[in-house]
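Here is query02.txt, consisting of compact mmCIF, C-alpha atoms:
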# COMPACT_ATOMS: atom_id res chain seq x y z
CA MET A 1 46.74 93.99 -8.18
CA THR A 2 43.75 95.61 -6.57
CA ALA A 3 40.73 96.73 -8.49
CA PRO A 4 40.22 100.46 -8.67
CA GLY A 5 37.50 101.69 -6.35
CA ASP A 6 34.32 103.45 -7.41
CA GLY A 7 35.12 106.90 -8.69
CA VAL A 8 38.85 106.42 -8.18
CA PRO A 9 40.80 106.08 -11.36
CA GLY A 10 42.81 102.87 -11.61
CA PRO A 11 46.21 102.46 -13.22
CA GLU A 12 44.62 102.83 -16.65
CA GLY A 13 42.80 105.98 -15.61
CA MET A 14 39.51 104.11 -15.40
CA THR A 15 37.10 103.98 -12.53
CA ARG A 16 35.68 100.69 -11.32
CA ARG A 17 32.35 101.59 -12.88
CA GLN A 18 33.97 102.21 -16.25
CA LEU A 19 35.93 99.03 -15.83
CA LEU A 20 32.80 96.99 -15.24
CA ARG A 21 31.08 98.64 -18.19
CA HIS A 22 34.02 97.81 -20.43
CA SER A 23 34.19 94.30 -19.12
CA ALA A 24 30.70 93.54 -20.35
CA TRP A 25 32.19 92.92 -23.78
CA PHE A 26 34.14 90.01 -25.06
CA GLY A 27 33.29 87.46 -22.45
CA GLY A 28 33.66 89.15 -19.12
CA ALA A 29 36.19 90.93 -16.99
CA VAL A 30 39.81 90.61 -17.86
CA VAL A 31 42.26 92.55 -15.77
CA LEU A 32 45.66 91.09 -16.26
CA ALA A 33 49.09 91.55 -14.79
CA VAL A 34 51.87 90.62 -17.18
CA SER A 35 54.88 89.23 -15.40
CA GLY A 36 58.18 89.84 -17.11
CA GLY A 37 56.69 92.45 -19.44
CA GLU A 38 56.21 96.17 -19.11
CA VAL A 39 52.45 96.15 -18.92
CA LEU A 40 51.14 95.83 -15.40
CA SER A 41 47.46 95.74 -16.11
CA HIS A 42 44.90 96.28 -18.75
CA VAL A 43 41.24 96.44 -19.48
CA VAL A 44 39.93 94.44 -22.36
CA GLY A 45 37.71 96.03 -24.90
CA SER A 46 35.68 99.17 -25.09
CA ALA A 47 31.94 99.39 -25.18
CA ASP A 48 31.32 103.08 -25.55
CA SER A 49 28.19 103.89 -27.43
CA ILE A 50 28.88 105.92 -30.52
CA PRO A 51 27.09 109.25 -29.97
CA ALA A 52 24.28 109.98 -32.40
CA ASN A 53 25.80 113.38 -33.16
CA ALA A 54 29.20 111.98 -34.08
CA ALA A 55 30.78 114.08 -36.81
CA LEU A 56 32.89 111.18 -37.91
CA ARG A 57 32.57 107.40 -37.70
CA PHE A 58 35.06 104.88 -38.86
CA VAL A 59 35.69 101.18 -38.47
CA GLN A 60 38.89 99.32 -37.66
CA VAL A 61 39.31 95.70 -38.73
CA SER A 62 42.54 93.80 -38.35
CA ASP A 63 44.52 90.63 -38.87
CA SER A 64 42.35 88.86 -41.44
CA HIS A 65 45.29 86.56 -42.37
CA ILE A 66 43.76 85.57 -45.70
CA GLY A 67 45.50 82.33 -46.69
CA PHE A 68 45.90 80.96 -43.15
CA ARG A 69 45.20 77.24 -42.88
CA GLY A 70 45.00 75.60 -39.52
CA PRO A 71 42.69 74.28 -36.82
CA ALA A 72 42.48 77.69 -35.11
CA ASN A 73 40.25 78.83 -38.01
CA THR A 74 39.54 76.57 -40.94
CA ASP A 75 37.79 79.36 -42.87
CA VAL A 76 39.46 82.75 -42.43
CA SER A 77 37.88 83.97 -45.68
CA GLY A 78 34.46 83.15 -44.28
CA SER A 79 35.06 84.96 -41.01
CA PHE A 80 36.46 88.01 -42.82
CA SER A 81 33.33 87.98 -45.00
CA ASP A 82 31.25 87.89 -41.82
CA ALA A 83 33.21 90.86 -40.46
CA ILE A 84 32.52 92.78 -43.67
CA GLU A 85 28.83 91.95 -43.39
CA GLN A 86 28.86 93.16 -39.79
CA VAL A 87 30.43 96.46 -40.86
CA ASN A 88 27.83 96.80 -43.61
CA GLY A 89 25.09 96.13 -41.06
CA LEU A 90 26.08 98.94 -38.69
CA ALA A 91 23.38 101.50 -38.03
CA HIS A 92 25.53 104.23 -39.60
CA ARG A 93 27.70 103.83 -42.68
CA PRO A 94 31.32 104.47 -41.62
CA ASP A 95 33.20 107.34 -43.26
CA PHE A 96 36.07 104.92 -43.82
CA VAL A 97 37.36 101.51 -42.83
CA MET A 98 40.97 101.00 -41.73
CA HIS A 99 42.51 97.53 -41.88
CA THR A 100 45.47 97.58 -39.49
CA GLY A 101 47.51 94.87 -41.14
CA ASP A 102 48.17 91.21 -41.61
CA LEU A 103 45.62 91.37 -44.36
CA THR A 104 47.30 88.24 -45.75
CA HIS A 105 49.05 85.32 -44.10
CA LEU A 106 51.93 84.84 -46.55
CA ALA A 107 51.94 88.02 -48.68
CA THR A 108 51.39 86.16 -51.94
CA PRO A 109 49.97 88.11 -54.91
CA ALA A 110 46.92 85.81 -54.88
CA GLN A 111 46.25 86.51 -51.19
CA PHE A 112 46.59 90.28 -51.73
CA GLU A 113 44.23 90.04 -54.69
CA GLN A 114 41.69 88.09 -52.66
CA VAL A 115 41.68 90.46 -49.69
CA LYS A 116 41.50 93.50 -51.98
CA GLN A 117 38.57 91.95 -53.80
CA MET A 118 36.81 91.15 -50.52
CA MET A 119 37.27 94.69 -49.20
CA THR A 120 35.53 96.12 -52.27
CA GLY A 121 32.37 94.77 -50.60
CA LEU A 122 32.70 97.21 -47.69
CA LYS A 123 30.01 99.87 -47.73
CA THR A 124 32.09 102.87 -46.78
CA GLY A 125 33.59 106.00 -48.24
CA HIS A 126 37.15 104.73 -48.32
CA VAL A 127 39.27 101.74 -47.31
CA PHE A 128 42.70 102.39 -45.81
CA THR A 129 45.37 99.87 -44.82
CA VAL A 130 48.71 99.57 -43.07
CA PRO A 131 50.90 96.48 -43.51
CA GLY A 132 51.51 93.77 -40.96
CA GLU A 133 54.66 91.67 -40.83
CA HIS A 134 52.76 88.89 -42.61
CA ASP A 135 52.18 91.35 -45.47
CA SER A 136 55.86 92.23 -45.73
CA ILE A 137 57.62 88.89 -45.48
CA ASP A 138 61.24 89.16 -46.47
CA ASP A 139 60.68 91.76 -49.21
CA ALA A 140 60.67 95.05 -47.26
CA GLY A 141 56.98 95.43 -48.09
CA GLN A 142 57.32 95.59 -51.89
CA LYS A 143 54.42 93.24 -52.69
CA TYR A 144 52.21 95.02 -50.15
CA ARG A 145 52.93 98.42 -51.67
CA ARG A 146 52.30 97.10 -55.18
CA ALA A 147 48.91 95.79 -54.07
CA LEU A 148 47.76 98.44 -51.59
CA GLY A 149 50.33 101.23 -51.33
CA ALA A 150 48.94 103.63 -53.93
CA GLY A 151 49.13 107.20 -52.69
CA SER A 152 51.38 106.41 -49.74
CA ARG A 153 54.80 107.89 -49.08
CA GLY A 154 58.18 106.42 -48.22
CA ASP A 155 57.75 102.75 -47.40
CA GLY A 156 53.97 103.04 -47.25
CA TRP A 157 53.11 105.65 -44.61
CA TYR A 158 50.68 108.56 -45.07
CA SER A 159 48.37 110.95 -43.28
CA PHE A 160 44.97 112.47 -43.94
CA ASP A 161 42.38 114.75 -42.35
CA ILE A 162 38.65 114.20 -41.99
CA GLN A 163 36.26 116.42 -40.01
CA GLY A 164 39.10 118.15 -38.18
CA VAL A 165 40.72 114.90 -37.03
CA HIS A 166 44.28 114.23 -38.19
CA PHE A 167 45.05 110.60 -39.02
CA ILE A 168 48.54 109.14 -39.40
CA ALA A 169 49.06 105.64 -40.83
CA LEU A 170 52.45 104.23 -39.90
CA VAL A 171 54.46 101.23 -41.10
CA ASN A 172 56.31 99.46 -38.29
CA THR A 173 56.83 96.00 -39.80
CA LEU A 174 59.99 96.60 -41.84
CA ASN A 175 63.68 96.30 -40.87
CA LEU A 176 62.79 94.48 -37.67
CA ARG A 177 65.45 93.37 -35.21
CA LYS A 178 63.19 92.15 -32.42
CA LEU A 179 60.36 94.66 -32.05
CA GLY A 180 58.40 96.80 -34.45
CA HIS A 181 60.43 99.59 -36.03
CA LEU A 182 59.60 102.96 -37.60
CA GLY A 183 62.97 104.28 -38.73
CA GLU A 184 64.45 107.74 -39.25
CA ASP A 185 62.66 108.55 -42.51
CA GLN A 186 59.26 107.83 -41.04
CA ILE A 187 59.93 109.67 -37.78
CA ASP A 188 61.04 112.63 -39.88
CA PHE A 189 57.79 112.37 -41.86
CA VAL A 190 55.77 112.48 -38.62
CA ARG A 191 57.77 115.46 -37.34
CA LYS A 192 57.06 117.48 -40.50
CA ASP A 193 53.47 116.22 -40.71
CA MET A 194 52.64 117.41 -37.20
CA ALA A 195 54.48 120.72 -37.43
CA GLY A 196 51.60 122.95 -38.48
CA LEU A 197 48.87 121.37 -36.39
CA ALA A 198 47.18 123.12 -33.48
CA ALA A 199 47.56 121.37 -30.11
CA ASP A 200 43.80 120.82 -29.85
CA THR A 201 43.67 118.84 -33.11
CA PRO A 202 42.54 115.29 -32.30
CA ILE A 203 45.21 112.85 -33.49
CA VAL A 204 44.63 109.23 -34.44
CA VAL A 205 47.63 107.02 -35.19
CA PHE A 206 47.28 103.66 -36.94
CA SER A 207 49.98 100.99 -36.90
CA HIS A 208 50.05 97.22 -37.02
CA ILE A 209 52.39 96.49 -34.11
CA PRO A 210 51.56 98.32 -30.85
CA LEU A 211 53.41 101.59 -30.23
CA PHE A 212 53.84 100.70 -26.57
CA ALA A 213 55.82 97.86 -24.96
CA LEU A 214 53.02 95.36 -24.57
CA TYR A 215 55.10 92.20 -24.44
CA PRO A 216 58.60 92.63 -25.90
CA ASN A 217 59.53 88.95 -25.51
CA TRP A 218 57.08 88.22 -28.32
CA GLY A 219 58.00 91.34 -30.27
CA TRP A 220 54.86 93.13 -29.11
CA GLY A 221 56.22 96.66 -29.05
CA THR A 222 58.03 99.16 -31.29
CA ASP A 223 61.64 99.96 -30.53
CA ASP A 224 61.60 103.62 -31.56
CA ALA A 225 57.94 104.47 -30.85
CA THR A 226 58.82 106.77 -27.94
CA ARG A 227 60.32 109.22 -30.44
CA VAL A 228 56.99 109.51 -32.25
CA LEU A 229 55.03 109.64 -29.00
CA ALA A 230 57.27 112.52 -27.90
CA LEU A 231 56.20 114.42 -31.01
CA LEU A 232 52.57 113.80 -30.03
CA ARG A 233 52.92 114.93 -26.43
CA ARG A 234 51.76 118.49 -27.07
CA PHE A 235 48.39 117.35 -28.41
CA SER A 236 45.44 117.14 -26.03
CA SER A 237 43.91 114.01 -27.58
CA VAL A 238 45.94 111.18 -29.13
CA THR A 239 44.46 107.76 -29.93
CA CYS A 240 46.70 104.94 -31.16
CA LEU A 241 44.94 102.02 -32.82
CA ASN A 242 46.85 98.84 -33.65
CA GLY A 243 46.37 95.15 -34.39
CA HIS A 244 48.96 92.35 -34.32
CA ILE A 245 48.15 90.82 -30.94
CA HIS A 246 44.77 89.35 -31.95
CA GLN A 247 43.05 90.45 -28.75
CA LEU A 248 41.62 93.57 -27.21
CA PHE A 249 43.88 95.62 -25.04
CA THR A 250 43.48 99.18 -23.78
CA LYS A 251 46.05 101.33 -22.06
CA ILE A 252 46.00 105.01 -21.17
CA GLU A 253 49.29 106.82 -20.72
CA GLY A 254 49.15 110.57 -20.22
CA ASN A 255 47.46 112.15 -23.24
CA VAL A 256 47.64 108.93 -25.28
CA THR A 257 45.09 106.12 -25.34
CA PHE A 258 46.20 102.87 -26.96
CA HIS A 259 43.61 100.40 -28.23
CA SER A 260 44.72 97.07 -29.65
CA ALA A 261 42.04 95.53 -31.86
CA THR A 262 41.09 91.91 -32.08
CA THR A 263 41.36 89.83 -35.25
CA THR A 264 38.91 88.46 -37.76
CA ALA A 265 40.97 85.23 -38.08
CA TYR A 266 42.11 83.45 -34.89
CA PRO A 267 43.10 84.34 -31.32
CA LEU A 268 46.62 84.38 -29.91
CA PRO A 269 47.51 83.61 -26.29
CA ARG A 270 47.43 86.31 -23.64
CA PRO A 271 50.90 87.84 -23.37
CA GLY A 272 53.29 85.45 -21.66
CA ARG A 273 50.63 82.81 -21.05
CA ALA A 274 52.12 80.37 -23.58
CA PRO A 275 55.66 79.48 -24.69
CA ALA A 276 55.13 81.31 -28.00
CA PRO A 277 52.44 83.35 -29.77
CA VAL A 278 50.95 80.28 -31.46
CA PRO A 279 47.37 80.44 -32.84
CA VAL A 280 44.89 79.28 -30.22
CA THR A 281 42.26 76.70 -31.15
CA LEU A 282 39.13 77.40 -29.12
CA PRO A 283 36.39 74.89 -28.32
CA ALA A 284 33.76 74.50 -31.02
CA GLY A 285 31.44 77.47 -31.23
CA LYS A 286 33.69 79.84 -29.26
CA LEU A 287 35.80 81.24 -32.07
CA ARG A 288 33.35 83.90 -33.23
CA HIS A 289 33.31 85.42 -29.75
CA ALA A 290 37.05 86.09 -29.99
CA LEU A 291 36.82 87.75 -33.41
CA GLY A 292 35.39 91.16 -34.06
CA ILE A 293 35.25 94.63 -35.52
CA ARG A 294 35.68 98.06 -33.92
CA GLU A 295 33.61 101.18 -34.52
CA VAL A 296 35.05 104.56 -33.57
CA GLY A 297 33.22 107.85 -33.35
CA TYR A 298 34.30 111.45 -32.91
CA VAL A 299 32.16 114.30 -31.61
CA LYS A 300 33.49 117.77 -32.27
CA GLY A 301 34.76 119.42 -29.12
CA ARG A 302 34.86 116.18 -27.14
CA HIS A 303 38.26 115.14 -25.88
CA ALA A 304 38.24 111.36 -26.32
CA LEU A 305 37.03 109.27 -29.22
CA ALA A 306 34.27 106.75 -28.53
CA VAL A 307 35.44 103.19 -29.18
CA ARG A 308 33.03 100.31 -29.48
CA ASP A 309 34.29 96.76 -29.95
CA GLN A 310 31.85 94.14 -31.18
CA SER A 311 32.47 90.42 -31.48
CA LEU A 312 31.37 88.42 -34.51
CA GLY A 313 29.54 86.00 -32.26
CA MET B 1 93.89 77.26 -26.10
CA PRO B 2 96.83 74.96 -25.17
CA GLY B 3 96.78 73.53 -21.68
CA MET B 4 93.21 74.63 -21.07
CA HIS B 5 90.32 72.24 -20.85
CA MET B 6 87.61 73.31 -23.26
CA PRO B 7 84.23 71.68 -22.94
CA LYS B 8 82.58 70.49 -26.11
CA ALA B 9 80.84 73.33 -27.84
CA ALA B 10 77.64 71.33 -28.16
CA ALA B 11 77.33 71.16 -24.41
CA GLN B 12 77.24 74.93 -24.08
CA PRO B 13 73.92 76.59 -24.85
CA GLY B 14 74.40 79.60 -27.09
CA LYS B 15 77.79 78.43 -28.37
CA ALA B 16 78.10 77.72 -32.07
CA VAL B 17 78.02 74.00 -32.78
CA ALA B 18 79.34 72.24 -35.86
CA ALA B 19 76.20 71.41 -37.83
CA ASN B 20 74.81 71.99 -41.30
CA THR B 21 71.14 71.48 -40.45
CA VAL B 22 68.96 73.79 -38.38
CA ALA B 23 65.45 72.97 -37.21
CA ILE B 24 62.89 75.74 -36.83
CA LYS B 25 60.81 74.51 -33.97
CA ASN B 26 58.67 76.08 -31.26
CA PHE B 27 59.47 79.57 -32.55
CA ALA B 28 63.26 79.08 -32.27
CA PHE B 29 66.22 78.08 -34.43
CA ALA B 30 67.88 74.92 -33.13
CA PRO B 31 70.76 75.06 -32.83
CA ALA B 32 70.64 78.85 -32.68
CA ALA B 33 74.30 79.12 -33.69
CA VAL B 34 76.17 76.79 -36.03
CA THR B 35 79.71 76.77 -37.38
CA VAL B 36 80.52 75.46 -40.86
CA ARG B 37 83.44 75.53 -43.28
CA VAL B 38 83.39 77.64 -46.44
CA GLY B 39 81.49 75.88 -49.19
CA THR B 40 79.03 74.18 -46.82
CA THR B 41 75.33 74.18 -47.60
CA VAL B 42 73.18 74.75 -44.51
CA THR B 43 69.60 73.44 -44.52
CA TRP B 44 66.79 74.88 -42.41
CA THR B 45 63.51 72.98 -41.97
CA ASN B 46 60.38 74.53 -40.50
CA THR B 47 58.57 72.04 -38.30
CA ASP B 48 56.17 74.63 -36.81
CA GLU B 49 52.62 75.03 -38.07
CA GLU B 50 53.26 78.78 -38.35
CA PRO B 51 55.36 80.15 -41.23
CA HIS B 52 58.86 81.44 -40.56
CA THR B 53 61.69 82.95 -42.56
CA VAL B 54 65.48 82.65 -42.51
CA SER B 55 66.57 86.20 -43.27
CA ALA B 56 70.09 87.58 -42.94
CA THR B 57 70.08 90.82 -40.97
CA SER B 58 72.66 92.37 -43.29
CA GLY B 59 73.61 89.56 -45.59
CA PRO B 60 72.83 87.69 -48.74
CA PHE B 61 70.22 85.08 -47.86
CA HIS B 62 66.46 85.49 -47.63
CA SER B 63 64.30 82.39 -47.62
CA GLY B 64 60.89 83.98 -48.06
CA ALA B 65 58.02 82.38 -46.16
CA LEU B 66 58.66 78.75 -45.15
CA ILE B 67 55.44 76.94 -44.42
CA ASN B 68 55.23 73.81 -42.27
CA GLY B 69 57.63 71.18 -43.61
CA ALA B 70 59.40 73.54 -46.02
CA THR B 71 63.18 73.64 -46.24
CA TYR B 72 65.62 76.34 -47.26
CA ARG B 73 69.24 75.79 -48.31
CA TYR B 74 72.05 78.30 -48.61
CA THR B 75 75.69 77.66 -49.52
CA PHE B 76 78.19 79.85 -47.68
CA THR B 77 81.08 80.79 -49.98
CA LYS B 78 82.80 83.41 -47.81
CA PRO B 79 84.04 83.18 -44.22
CA GLY B 80 82.44 85.38 -41.59
CA GLN B 81 79.59 85.72 -39.13
CA TYR B 82 76.08 85.66 -40.56
CA GLN B 83 73.30 86.72 -38.23
CA TYR B 84 69.73 86.06 -39.25
CA LEU B 85 66.19 86.21 -37.93
CA CYS B 86 62.61 85.37 -38.82
CA THR B 87 61.03 88.54 -40.24
CA ILE B 88 57.57 87.36 -39.18
CA HIS B 89 58.68 86.69 -35.58
CA PRO B 90 61.77 88.90 -35.22
CA PHE B 91 62.40 87.76 -31.67
CA MET B 92 63.71 84.52 -33.27
CA HIS B 93 67.44 84.91 -33.90
CA GLY B 94 70.17 82.65 -35.30
CA ASN B 95 73.82 82.82 -36.30
CA VAL B 96 76.08 80.99 -38.77
CA VAL B 97 79.86 81.16 -38.31
CA VAL B 98 81.70 80.31 -41.53
CA THR B 99 85.40 79.40 -41.21
CA GLN B 100 88.13 78.71 -43.80
Output the structure of this file as structure tokens.
Amino acid sequence: MTAPGDGVPGPEGMTRRQLLRHSAWFGGAVVLAVSGGEVLSHVVGSADSIPANAALRFVQVSDSHIGFRGPANTDVSGSFSDAIEQVNGLAHRPDFVMHTGDLTHLATPAQFEQVKQMMTGLKTGHVFTVPGEHDSIDDAGQKYRRALGAGSRGDGWYSFDIQGVHFIALVNTLNLRKLGHLGEDQIDFVRKDMAGLAADTPIVVFSHIPLFALYPNWGWGTDDATRVLALLRRFSSVTCLNGHIHQLFTKIEGNVTFHSATTTAYPLPRPGRAPAPVPVTLPAGKLRHALGIREVGYVKGRHALAVRDQSLG
Amino acid sequence: MPGMHMPKAAAQPGKAVAANTVAIKNFAFAPAAVTVRVGTTVTWTNTDEEPHTVSATSGPFHSGALINGATYRYTFTKPGQYQYLCTIHPFMHGNVVVTQ
């Protein structure tokens, strides 16, 4: 592929200048063509500065995999603690923190208890979560909902409003056949949830698995996401934030911007660059650069949210 | 079928093979499709470092998380086709054909 020229938006709607600015994060430029998958290119990471007059700031963390044991990260509890410290050290206290799933590695009660306990150390107004497939292993999410599902609806989904922004937290890790899946009940919830909202309401959607076809061969997509995205088409600003793929990935499609977050545990291969999505063991000292947190800010009246990814290293 | 040469099932990828053990290896079930008689116990063993599950898509068996080296056994008491997957990596699919 060719790089977009100065001032000319590329396939992701970004100019070369923006691309270079974004590429300054997480170890340099990564523009990637995925062969055999739907995604043709992407820009890794976002390095917007969060405006000082932001009406709302929140943090996304993801894929802490508490309970994981392996050479890719011999201390996932330690790196999640570091991520929490990094959140607590931000210049501005976030209004809330969202963990976008795979809080645990094996969904055991002890792992849920540990991650819940750790998250009580976050200095923020509220902690929200959505489940990953590691949090809902073979039990349709029952243990997850017992541990973290208070106040949610259906199989764990919910929505809320802060500072004029409408947030929807979706569950797409249940009843899987190959890809992520939302299901009729949840799509119906979104339809009713959106019904009364003005088209200029900024919408933020959280899910664990991406809502776009990032790499279906590894299950990196959601089979019925287009039905939810169709319901979001009338809104001027839609931001979808997910985890699952353990690496930064940004894609702009019409009115929707998708941002995949990195992990606090261990990296996974770039899509299609390995036989399977097996945890990657990096050379000594490199792991922290692949892990990180994400700060998001919203300024009233501004179309797009500011997204700033920071590595732990 | 009489008069027709049928190659051995084991030689055909994707065809069900007569076996009561399934390895979970490199994010795949091997063999992906097995055929057993009613009353047979099938054993799955996870040899990957990552956890996997053996979960019937609309049937009676659910292994829960199998860590490296763990095994799961299920005895099939009724004939039929049993499709299953790993709920953690749902692109991993398998099939058990149970005959009388």
Could the residues of chain B within 10 Å of chain A, counting only C-alpha atoms, be given as an MDAnalysis selection string, please?
chainID B and resid 26:28 48:57 61:67 84:93
Using the selection just defined, write its residues with C-alpha atoms as a short mmCIF file (atom, residue, chain, number, x, y, z; two decimals), in the coordinates of the input.
data_model
loop_
_atom_site.label_atom_id
_atom_site.label_comp_id
_atom_site.auth_asym_id
_atom_site.auth_seq_id
_atom_site.Cartn_x
_atom_site.Cartn_y
_atom_site.Cartn_z
CA ASN B 26 58.67 76.08 -31.26
CA PHE B 27 59.47 79.57 -32.55
CA ALA B 28 63.26 79.08 -32.27
CA ASP B 48 56.17 74.63 -36.81
CA GLU B 49 52.62 75.03 -38.07
CA GLU B 50 53.26 78.78 -38.35
CA PRO B 51 55.36 80.15 -41.23
CA HIS B 52 58.86 81.44 -40.56
CA THR B 53 61.69 82.95 -42.56
CA VAL B 54 65.48 82.65 -42.51
CA SER B 55 66.57 86.20 -43.27
CA ALA B 56 70.09 87.58 -42.94
CA THR B 57 70.08 90.82 -40.97
CA PHE B 61 70.22 85.08 -47.86
CA HIS B 62 66.46 85.49 -47.63
CA SER B 63 64.30 82.39 -47.62
CA GLY B 64 60.89 83.98 -48.06
CA ALA B 65 58.02 82.38 -46.16
CA LEU B 66 58.66 78.75 -45.15
CA ILE B 67 55.44 76.94 -44.42
CA TYR B 84 69.73 86.06 -39.25
CA LEU B 85 66.19 86.21 -37.93
CA CYS B 86 62.61 85.37 -38.82
CA THR B 87 61.03 88.54 -40.24
CA ILE B 88 57.57 87.36 -39.18
CA HIS B 89 58.68 86.69 -35.58
CA PRO B 90 61.77 88.90 -35.22
CA PHE B 91 62.40 87.76 -31.67
CA MET B 92 63.71 84.52 -33.27
CA HIS B 93 67.44 84.91 -33.90
#
If we count all atoms listed in the file, what is near segment 154-163 of chain A at a cut-off of 8 Å, once residues fewer than 5 positions away on the same chain are taken out, given as a PyMOL selection string?
chain A and resi 55-56+130+141+145+149+168-171+185-186+193
Every residue with an atom at most 12 Å from (42.6, 91.5, -55.8) (file coordinates; only C-alpha atoms) is what I'm after, so could you write them as a ChimeraX atom specification?
/A:66,103-104,108-121,144,146-148
Writer output for current selection, C-alpha atoms, as a PDB file, keeping the file's coordinate frame:
ATOM      1  CA  ILE A  66      43.760  85.570 -45.700  1.00  0.00           C
ATOM      2  CA  LEU A 103      45.620  91.370 -44.360  1.00  0.00           C
ATOM      3  CA  THR A 104      47.300  88.240 -45.750  1.00  0.00           C
ATOM      4  CA  THR A 108      51.390  86.160 -51.940  1.00  0.00           C
ATOM      5  CA  PRO A 109      49.970  88.110 -54.910  1.00  0.00           C
ATOM      6  CA  ALA A 110      46.920  85.810 -54.880  1.00  0.00           C
ATOM      7  CA  GLN A 111      46.250  86.510 -51.190  1.00  0.00           C
ATOM      8  CA  PHE A 112      46.590  90.280 -51.730  1.00  0.00           C
ATOM      9  CA  GLU A 113      44.230  90.040 -54.690  1.00  0.00           C
ATOM     10  CA  GLN A 114      41.690  88.090 -52.660  1.00  0.00           C
ATOM     11  CA  VAL A 115      41.680  90.460 -49.690  1.00  0.00           C
ATOM     12  CA  LYS A 116      41.500  93.500 -51.980  1.00  0.00           C
ATOM     13  CA  GLN A 117      38.570  91.950 -53.800  1.00  0.00           C
ATOM     14  CA  MET A 118      36.810  91.150 -50.520  1.00  0.00           C
ATOM     15  CA  MET A 119      37.270  94.690 -49.200  1.00  0.00           C
ATOM     16  CA  THR A 120      35.530  96.120 -52.270  1.00  0.00           C
ATOM     17  CA  GLY A 121      32.370  94.770 -50.600  1.00  0.00           C
ATOM     18  CA  TYR A 144      52.210  95.020 -50.150  1.00  0.00           C
ATOM     19  CA  ARG A 146      52.300  97.100 -55.180  1.00  0.00           C
ATOM     20  CA  ALA A 147      48.910  95.790 -54.070  1.00  0.00           C
ATOM     21  CA  LEU A 148      47.760  98.440 -51.590  1.00  0.00           C
TER      22      LEU A 148
END
Counting all atoms listed in the file, which residues sit no farther than 6 Å from the position (56.2, 97.2, -24.1) in the file's frame? I'd like them as a ChimeraX atom specification.
/A:38,212-216,221
Who sits within 10 Å of Ala16 of chain B, all atoms listed in the file, same chain under 6 positions skipped, as a VMD selection string
chain B and resid 9 to 10 31 to 36 94 to 97
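Between atom CA of Ser260 of chain A and atom CA of Leu241 of chain A lies a distance of 5.9 Å.
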Residue neighbourhood segment 81-88 of chain A, 9 Å, all atoms listed in the file, exclusion window fewer than 5 positions, as a PDB file with C-alpha atoms, in the coordinates of the input:
ATOM      1  CA  VAL A  59      35.690 101.180 -38.470  1.00  0.00           C
ATOM      2  CA  VAL A  61      39.310  95.700 -38.730  1.00  0.00           C
ATOM      3  CA  VAL A  76      39.460  82.750 -42.430  1.00  0.00           C
ATOM      4  CA  ARG A  93      27.700 103.830 -42.680  1.00  0.00           C
ATOM      5  CA  PRO A  94      31.320 104.470 -41.620  1.00  0.00           C
ATOM      6  CA  VAL A  97      37.360 101.510 -42.830  1.00  0.00           C
ATOM      7  CA  MET A 118      36.810  91.150 -50.520  1.00  0.00           C
ATOM      8  CA  MET A 119      37.270  94.690 -49.200  1.00  0.00           C
ATOM      9  CA  GLY A 121      32.370  94.770 -50.600  1.00  0.00           C
ATOM     10  CA  LEU A 122      32.700  97.210 -47.690  1.00  0.00           C
ATOM     11  CA  LYS A 123      30.010  99.870 -47.730  1.00  0.00           C
ATOM     12  CA  THR A 124      32.090 102.870 -46.780  1.00  0.00           C
ATOM     13  CA  THR A 264      38.910  88.460 -37.760  1.00  0.00           C
ATOM     14  CA  LEU A 291      36.820  87.750 -33.410  1.00  0.00           C
ATOM     15  CA  GLY A 292      35.390  91.160 -34.060  1.00  0.00           C
ATOM     16  CA  ILE A 293      35.250  94.630 -35.520  1.00  0.00           C
ATOM     17  CA  ARG A 294      35.680  98.060 -33.920  1.00  0.00           C
ATOM     18  CA  GLU A 295      33.610 101.180 -34.520  1.00  0.00           C
ATOM     19  CA  LEU A 312      31.370  88.420 -34.510  1.00  0.00           C
TER      20      LEU A 312
END
Neighbours of Thr77 of chain B within 8 Å (all atoms listed in the file; same-chain residues fewer than 4 positions away dropped), as an MDAnalysis selection string?
chainID B and resid 38:40
